[in-house]
Amino acid sequence: MSEEKKREKILDVKDLDITFETTAGKVHAIRGVNIDLYQGETVAIVGESGSGKSVTMRAAMGILAKNAVVNKGEIIYRYRDNVGGIDYNPENDENAVWKEADILKMDKKWIRKHINGRRIAMVFQDPMTSLDPTMTIGKQIMEGMIWHYKIDKKDAYNRAVGLLKEVGIEDAEKRMKQYPHQLSGGMRQRVVIAIALSCNPDLLICDEPTTALDVNIQAKILELIKKVQKERDIAVIYITHDLGVVAKVADYVNVMYAGKIVEVGNINEIFYDPRHPYTWGLLSAMPDLGTDDDRLYTIPGSPPNLLHEKEGDAFAPRNAYALEIDDKLEPPMFQITETHSAATWLLDPRAPKVEMPAELRNRIERMKKEAQANGSKL
Amino acid sequence: MAANYNAEPLLEVKGLKQFFPVSKTYTVKAVNDVSFKVYPGETYGLVGESGSGKSTIGRSIIRLYDPTEGTINFCGMDISGKMTRETKKNLRLQMQMIFQDPMASLNPRKKIKDIIGEALDIHHNYVNTAERDAKVEAILQKVGLAKEHADRYPHQFSGGQRQRVGIARALILNPKLVIADECISALDVSIQAQVVNLMKDIQEELGTAYLFIAHDLSMVKYISDRIGVLHLGHLLETGTTDEIFSNPVHPYTKSLLSAIPIPNPELEKNREVINYDYKTSGIDYCKGTDHLVDGTHFVKCTDEEFATWTGK
């Protein structure tokens, strides 16, 4: 993206707080989440399963489960009306104005008409379950365009063929008539991406898009998403637990733990200068191809059960660097740089000086050297 | 206990072929002429993309399938053809399997102690219930669970704990070889590390050999002593983990290694993934023979290909 262009904020999640009513009691899944997203940028949300990454994004899509209760917070989505139909590009229109909507306050019908598929599209983890096995590929790609933009079938068909070509599927005409089971896993995920792109969305949410795929295909799919993002200047949110994937695609990273963002920063800040002990743990636990250690680091303990709320920092019981205050009071976000902040008491000026573990520091030093050897200016 | 390469190989697979006839004219050649050895106490990693035949190999070895061709030698027994009663019993005692999805592979209606103790029941390995319970308890402790867990049902456990139960079940008869078929793919990354560490600890203590089947190369690197790279039913390259990772020879292996995302953003953003397409590569796997690169590092190719790839 060019420097002089103004960064337009398109998604602003403010202080989101969600509980689920279950038979076992209230599960406090999201406890005050803040996320900013700008046009054309990529944000990755990282965390263990159950940390609330998917729930946050489902809230942004307005597709939360029925037993979810939003206690407070807002999800402001900024958009420009695409008055001119499917090919309308607001960049070329001087009269285009930015509008704002709080997704949490809108009714289902409005969200379905204006948000789902049309402006925010989602790519799910398992392409076999997100595609309809009884419909042809072509029909599934055309469905959204016809519904949202009322274009005729022939036009939709031609667009669908074009989309299949765009996502790198050969023999597009032949594939249009095939069913999902006739395609391989990588092909299916490409089809899902084609469907997601069919209505010209501004924001693409990828929920673990490559977890079910092999490394070769993973690399191709990630490159495809990157290419499409560049061409269409759309924003992408990645939900993932694979830090290798994050390193490849993200501009900004949100680290999530037990329903809270514990550290946020741009990609280099998170990887080369992490501040939160949980981020230290995540980075240390990555399998590293560069060393000969024969044991993997694991973060001790397991994620907390959000059914039982606990005073203080949720990560404290697993945190080797926990201070006494961590058991009593939840740490606020401490600002480190303009883009980088972390929720840990270690950053409080009164806290004792604690350095990241030596092994991780060595590893980061090595990573920096490797990057410098490849011409990076770190 | 480290792997013992001077001993007789524990498992020797020679020219294994596993074909599945689909129709009169079409046969799926899932595994095509694969040979490798597993030594006592070592971990042999089989990697490849989905559909490369890695799971089929595991299933053929443990005789869930009848191999079409080839011999499988295990603990000095030939287990590839029709087995005698004695061989069969021995095979079932000495070789066990851990499956991918612990939720699907554990019977939801059985208590953990009965799931783990089932093998003991079948092989009449105890005199009274107290002894059976003691054995189950001991193995639970070994995999990091408590004896209170014995009376629970699978749904009461988390994913990582369930896989520990799967491991306990495989280890209760103290087998010489455990086939771990994608046993960590269904788990969270942090849990994967715990399970891999556990498997390593158990190997050190008991000297069990693992045939570790996976598609995640970075995890395979941690656990394996030697690796075999599979593609389309052919074993393309095999060698120690170091040999494969530091000096991959086959273009497919190279592309596979280049596709692993490195958690180093500045490096990763500029890295190119090497593309590999069997159809356009001009390589015919069926024509290849094993060529020695160095040490125990073999690659399957023709003489000319070998010359161009290695520059020898």
# chains A, B, ... in the order shown; residues from 1 in each chain; ligands from 1
call {"tool": "residues_around", "arguments": {"residues": "Ile364 in chain A", "least_positions_apart": "2", "cutoff": "9 Å", "atoms": "only C-alpha atoms", "output": "PDB file with C-alpha atoms, in the first residue's frame"}}
result
ATOM      1  CA  PHE A 271       7.896 -11.876  16.649  1.00  0.00           C
ATOM      2  CA  TYR A 272      11.059  -9.957  17.523  1.00  0.00           C
ATOM      3  CA  ASP A 273      10.015  -8.049  20.642  1.00  0.00           C
ATOM      4  CA  GLU A 359      16.309 -19.564  25.141  1.00  0.00           C
ATOM      5  CA  LEU A 360      13.689 -17.461  23.448  1.00  0.00           C
ATOM      6  CA  ARG A 361      16.004 -14.459  23.390  1.00  0.00           C
ATOM      7  CA  ASN A 362      18.684 -16.531  21.685  1.00  0.00           C
ATOM      8  CA  ARG A 366      19.115 -16.030  15.573  1.00  0.00           C
ATOM      9  CA  MET A 367      15.920 -15.221  13.694  1.00  0.00           C
ATOM     10  CA  LYS A 368      17.030 -11.598  13.341  1.00  0.00           C
ATOM     11  CA  LYS A 369      20.438 -12.643  12.044  1.00  0.00           C
TER      12      LYS A 369
ATOM     13  CA  ASN B 264      10.234 -15.565  11.072  1.00  0.00           C
TER      14      ASN B 264
END
call {"tool": "interface_residues", "arguments": {"of": "chain B", "to": "chain A", "cutoff": "8 Å", "atoms": "only C-alpha atoms", "output": "PyMOL selection string"}}
result
chain B and resi 49-50+188-191+193-194+196-197+215-216+218-219+221-223+255-256+259-269+273
call {"tool": "write_last_selection", "arguments": {"atoms": "N, CA and C atoms", "output": "short mmCIF file (atom, residue, chain, number, x, y, z; two decimals), in the first residue's frame"}}
result
data_model
loop_
_atom_site.label_atom_id
_atom_site.label_comp_id
_atom_site.auth_asym_id
_atom_site.auth_seq_id
_atom_site.Cartn_x
_atom_site.Cartn_y
_atom_site.Cartn_z
N GLU B 49 1.82 -36.05 1.38
CA GLU B 49 0.55 -35.35 1.38
C GLU B 49 -0.59 -36.36 1.47
N SER B 50 -1.82 -35.86 1.60
CA SER B 50 -2.93 -36.78 1.69
C SER B 50 -3.05 -37.52 0.36
N ASP B 188 -4.53 -29.40 19.25
CA ASP B 188 -4.03 -28.03 19.27
C ASP B 188 -2.51 -28.02 19.31
N VAL B 189 -1.89 -26.96 18.79
CA VAL B 189 -0.43 -26.95 18.71
C VAL B 189 0.23 -27.18 20.07
N SER B 190 -0.24 -26.48 21.09
CA SER B 190 0.42 -26.61 22.39
C SER B 190 0.24 -28.02 22.95
N ILE B 191 -0.90 -28.64 22.65
CA ILE B 191 -1.15 -30.00 23.11
C ILE B 191 -0.31 -31.00 22.30
N ALA B 193 2.63 -30.56 21.22
CA ALA B 193 3.97 -30.60 21.80
C ALA B 193 3.98 -31.49 23.04
N GLN B 194 2.94 -31.39 23.87
CA GLN B 194 2.88 -32.24 25.06
C GLN B 194 2.86 -33.72 24.69
N VAL B 196 3.87 -35.15 21.86
CA VAL B 196 5.14 -35.57 21.27
C VAL B 196 6.19 -35.77 22.35
N ASN B 197 6.25 -34.85 23.32
CA ASN B 197 7.20 -35.02 24.42
C ASN B 197 6.94 -36.30 25.19
N HIS B 215 1.73 -35.57 8.35
CA HIS B 215 2.01 -34.67 7.24
C HIS B 215 2.67 -33.38 7.71
N ASP B 216 2.75 -33.20 9.03
CA ASP B 216 3.36 -31.99 9.57
C ASP B 216 4.85 -32.21 9.75
N SER B 218 7.35 -30.28 10.53
CA SER B 218 8.12 -29.70 11.63
C SER B 218 8.00 -30.56 12.88
N MET B 219 6.84 -31.18 13.09
CA MET B 219 6.71 -32.10 14.22
C MET B 219 7.48 -33.39 13.96
N LYS B 221 10.12 -33.71 12.36
CA LYS B 221 11.54 -33.47 12.57
C LYS B 221 11.91 -33.65 14.04
N TYR B 222 11.02 -33.21 14.92
CA TYR B 222 11.32 -33.32 16.34
C TYR B 222 11.39 -34.75 16.82
N ILE B 223 10.47 -35.58 16.32
CA ILE B 223 10.36 -36.90 16.92
C ILE B 223 11.15 -37.98 16.18
N SER B 255 10.43 -29.30 -2.53
CA SER B 255 9.24 -28.45 -2.54
C SER B 255 8.48 -28.59 -1.23
N LEU B 256 8.47 -29.81 -0.69
CA LEU B 256 7.78 -30.06 0.58
C LEU B 256 8.44 -29.25 1.70
N ALA B 259 7.82 -25.52 1.59
CA ALA B 259 6.44 -25.08 1.86
C ALA B 259 6.16 -24.93 3.34
N ILE B 260 7.05 -25.44 4.21
CA ILE B 260 6.80 -25.27 5.64
C ILE B 260 6.97 -23.81 5.98
N PRO B 261 5.94 -23.18 6.54
CA PRO B 261 6.12 -21.77 6.88
C PRO B 261 7.08 -21.62 8.05
N ILE B 262 8.04 -20.71 7.91
CA ILE B 262 9.00 -20.46 8.98
C ILE B 262 8.47 -19.32 9.84
N PRO B 263 8.42 -19.49 11.16
CA PRO B 263 7.90 -18.41 12.00
C PRO B 263 8.89 -17.26 12.16
N ASN B 264 9.31 -16.69 11.06
CA ASN B 264 10.23 -15.57 11.07
C ASN B 264 9.77 -14.60 9.99
N PRO B 265 8.95 -13.61 10.36
CA PRO B 265 8.24 -12.82 9.36
C PRO B 265 9.10 -12.20 8.27
N GLU B 266 10.23 -11.59 8.65
CA GLU B 266 11.04 -10.90 7.65
C GLU B 266 11.58 -11.88 6.61
N LEU B 267 11.85 -13.11 7.08
CA LEU B 267 12.39 -14.13 6.20
C LEU B 267 11.28 -14.74 5.36
N GLU B 268 10.17 -14.99 6.05
CA GLU B 268 9.08 -15.73 5.42
C GLU B 268 8.43 -14.92 4.29
N LYS B 269 8.36 -13.61 4.47
CA LYS B 269 7.64 -12.81 3.47
C LYS B 269 8.30 -12.83 2.12
N VAL B 273 8.11 -20.46 -2.48
CA VAL B 273 7.86 -21.89 -2.36
C VAL B 273 8.20 -22.53 -3.70
#
call {"tool": "residues_around", "arguments": {"residues": "Cys183 in chain B", "least_positions_apart": "4", "cutoff": "12 Å", "atoms": "only C-alpha atoms", "output": "compact mmCIF listing (two decimals) with C-alpha atoms, in the first residue's frame"}}
result
# COMPACT_ATOMS: atom_id res chain seq x y z
CA SER B 55 -1.78 -44.46 6.21
CA MET B 97 -1.60 -48.58 16.74
CA ILE B 98 -2.55 -45.05 17.82
CA PHE B 99 -5.22 -43.41 15.68
CA GLN B 100 -5.76 -39.87 14.53
CA ASP B 101 -8.96 -38.77 16.19
CA PRO B 102 -9.09 -39.88 19.82
CA MET B 103 -12.80 -39.10 20.06
CA SER B 105 -11.26 -44.21 18.21
CA GLY B 159 -8.50 -33.69 23.47
CA GLY B 160 -4.96 -34.03 24.74
CA ARG B 162 -7.97 -38.50 25.22
CA GLN B 163 -4.94 -38.96 23.05
CA ARG B 164 -3.02 -39.94 26.18
CA VAL B 165 -5.62 -42.65 26.71
CA GLY B 166 -5.05 -43.76 23.13
CA ILE B 167 -1.34 -43.98 23.83
CA ALA B 170 -1.38 -48.95 22.69
CA VAL B 178 3.70 -48.66 17.79
CA ILE B 179 2.22 -47.28 14.59
CA LEU B 187 -4.80 -31.65 18.47
CA ASP B 188 -4.03 -28.03 19.27
CA ILE B 191 -1.15 -30.00 23.11
CA GLN B 192 0.70 -31.53 20.16
CA ALA B 193 3.97 -30.60 21.80
CA VAL B 195 1.94 -35.48 23.31
CA VAL B 196 5.14 -35.57 21.27
CA MET B 199 5.91 -40.20 23.30
CA TYR B 210 7.51 -45.86 16.49
CA LEU B 211 6.35 -45.71 12.93
CA PHE B 212 5.24 -42.09 12.99
CA ILE B 213 2.89 -41.22 10.15
CA ALA B 214 2.22 -37.51 9.69
CA HIS B 215 2.01 -34.67 7.24
CA ASP B 216 3.36 -31.99 9.57
CA MET B 219 6.71 -32.10 14.22
CA VAL B 220 8.13 -35.09 12.37
call {"tool": "atom_distance", "arguments": {"atom1": "CA of Lys89 in chain B", "atom2": "CA of Met77 in chain B"}}
result
11.5 Å
call {"tool": "residues_around", "arguments": {"residues": "range 112-118 of chain A", "least_positions_apart": "6", "cutoff": "12 Å", "atoms": "only C-alpha atoms", "output": "PyMOL selection string"}}
result
chain A and resi 58-63+77-83+85-86+101-104+106+141+143-149+192-205
call {"tool": "residues_around", "arguments": {"residues": "Ala44 in chain A", "least_positions_apart": "2", "cutoff": "7 Å", "atoms": "only C-alpha atoms", "output": "list in words"}}
result
Thr42, Val46, Ile237, Tyr238, Ile239, Val246, Ala250, Tyr252, Val253 and Asn254 of chain A
call {"tool": "write_last_selection", "arguments": {"atoms": "C-alpha atoms", "output": "PDB file, in the first residue's frame"}}
result
ATOM      1  CA  THR A  42      -4.177  -8.218   7.256  1.00  0.00           C
ATOM      2  CA  VAL A  46      -3.730 -16.126  17.416  1.00  0.00           C
ATOM      3  CA  ILE A 237      -8.589 -11.395   9.146  1.00  0.00           C
ATOM      4  CA  TYR A 238      -6.844 -14.682   9.784  1.00  0.00           C
ATOM      5  CA  ILE A 239      -7.893 -16.821  12.704  1.00  0.00           C
ATOM      6  CA  VAL A 246       1.001 -15.716  10.730  1.00  0.00           C
ATOM      7  CA  ALA A 250      -0.044 -10.886   8.666  1.00  0.00           C
ATOM      8  CA  TYR A 252      -0.744  -6.995  12.607  1.00  0.00           C
ATOM      9  CA  VAL A 253      -1.160  -9.712  15.220  1.00  0.00           C
ATOM     10  CA  ASN A 254      -3.626  -9.998  18.094  1.00  0.00           C
TER      11      ASN A 254
END
call {"tool": "atom_distance", "arguments": {"atom1": "CA of Pro154 in chain B", "atom2": "CA of Ile116 in chain B"}}
result
11.4 Å
call {"tool": "residues_around", "arguments": {"residues": "range 7-22 of chain B", "least_positions_apart": "4", "cutoff": "10 Å", "atoms": "only C-alpha atoms", "output": "compact mmCIF listing (two decimals) with C-alpha atoms, in the first residue's frame"}}
result
# COMPACT_ATOMS: atom_id res chain seq x y z
CA ALA B 3 17.92 -46.62 18.70
CA TYR B 26 -9.13 -49.59 -12.91
CA THR B 27 -6.99 -50.30 -9.88
CA VAL B 28 -5.87 -47.77 -7.32
CA LYS B 29 -2.19 -48.33 -6.66
CA ALA B 30 -2.13 -46.87 -3.17
CA VAL B 31 1.29 -48.19 -2.25
CA ASN B 32 3.70 -49.11 -5.01
CA ASP B 33 6.93 -50.93 -4.26
CA VAL B 34 7.88 -49.49 -0.90
CA SER B 35 10.81 -50.84 1.11
CA PHE B 36 12.15 -49.63 4.43
CA LYS B 37 13.40 -50.85 7.79
CA VAL B 38 12.62 -49.85 11.33
CA TYR B 39 15.21 -50.67 14.00
CA PRO B 40 14.43 -51.42 17.65
CA GLY B 41 13.91 -48.27 19.69
CA GLU B 42 13.95 -45.81 16.82
CA GLY B 53 -0.38 -43.89 0.82
CA THR B 56 -2.25 -47.42 3.89
CA ILE B 57 1.31 -48.55 4.63
CA SER B 60 -0.96 -53.00 5.65
CA ILE B 61 1.83 -53.55 8.14
CA TYR B 65 -5.30 -54.93 4.78
CA ASP B 66 -3.89 -57.93 2.97
CA PRO B 67 -0.81 -56.75 1.08
CA THR B 68 -1.00 -57.34 -2.67
CA GLU B 69 2.68 -58.07 -3.01
CA GLY B 70 5.91 -57.85 -1.07
CA THR B 71 7.14 -59.17 2.24
CA ILE B 72 6.87 -57.73 5.72
CA ASN B 73 9.25 -59.13 8.29
CA PHE B 74 8.54 -58.30 11.90
CA CYS B 75 10.52 -59.67 14.88
CA GLY B 76 11.78 -62.47 12.66
CA MET B 77 8.29 -63.47 11.57
CA ASP B 78 6.95 -63.15 8.07
CA SER B 80 2.83 -60.61 4.88
CA LYS B 176 7.89 -53.46 20.34
CA LEU B 177 6.40 -51.29 17.61
CA ALA B 209 9.94 -48.22 18.21
CA LEU B 211 6.35 -45.71 12.93
CA GLY B 233 2.51 -44.45 -3.29
CA HIS B 234 6.25 -44.31 -3.93
call {"tool": "select_by_dssp", "arguments": {"residues": "range 50-241 of chain B", "states": "alpha helix (DSSP H)", "output": "PyMOL selection string"}}
result
chain B and resi 54-61+85-94+102-105+112-122+129-142+159-171+189-206+217-223+241
call {"tool": "select_by_dssp", "arguments": {"residues": "range 67-226 of chain B", "states": "strand (DSSP E or B)", "output": "ChimeraX atom specification"}}
result
/B:69-74,77-78,95-98,177-181,209-214,226
call {"tool": "residues_around", "arguments": {"residues": "Tyr257 in chain A", "least_positions_apart": "2", "cutoff": "8 Å", "atoms": "only C-alpha atoms", "output": "PyMOL selection string"}}
result
chain A and resi 47-48+51-52+255+259-262+315
call {"tool": "atom_distance", "arguments": {"atom1": "CA of Thr308 in chain B", "atom2": "CA of Pro248 in chain B"}}
result
13.6 Å
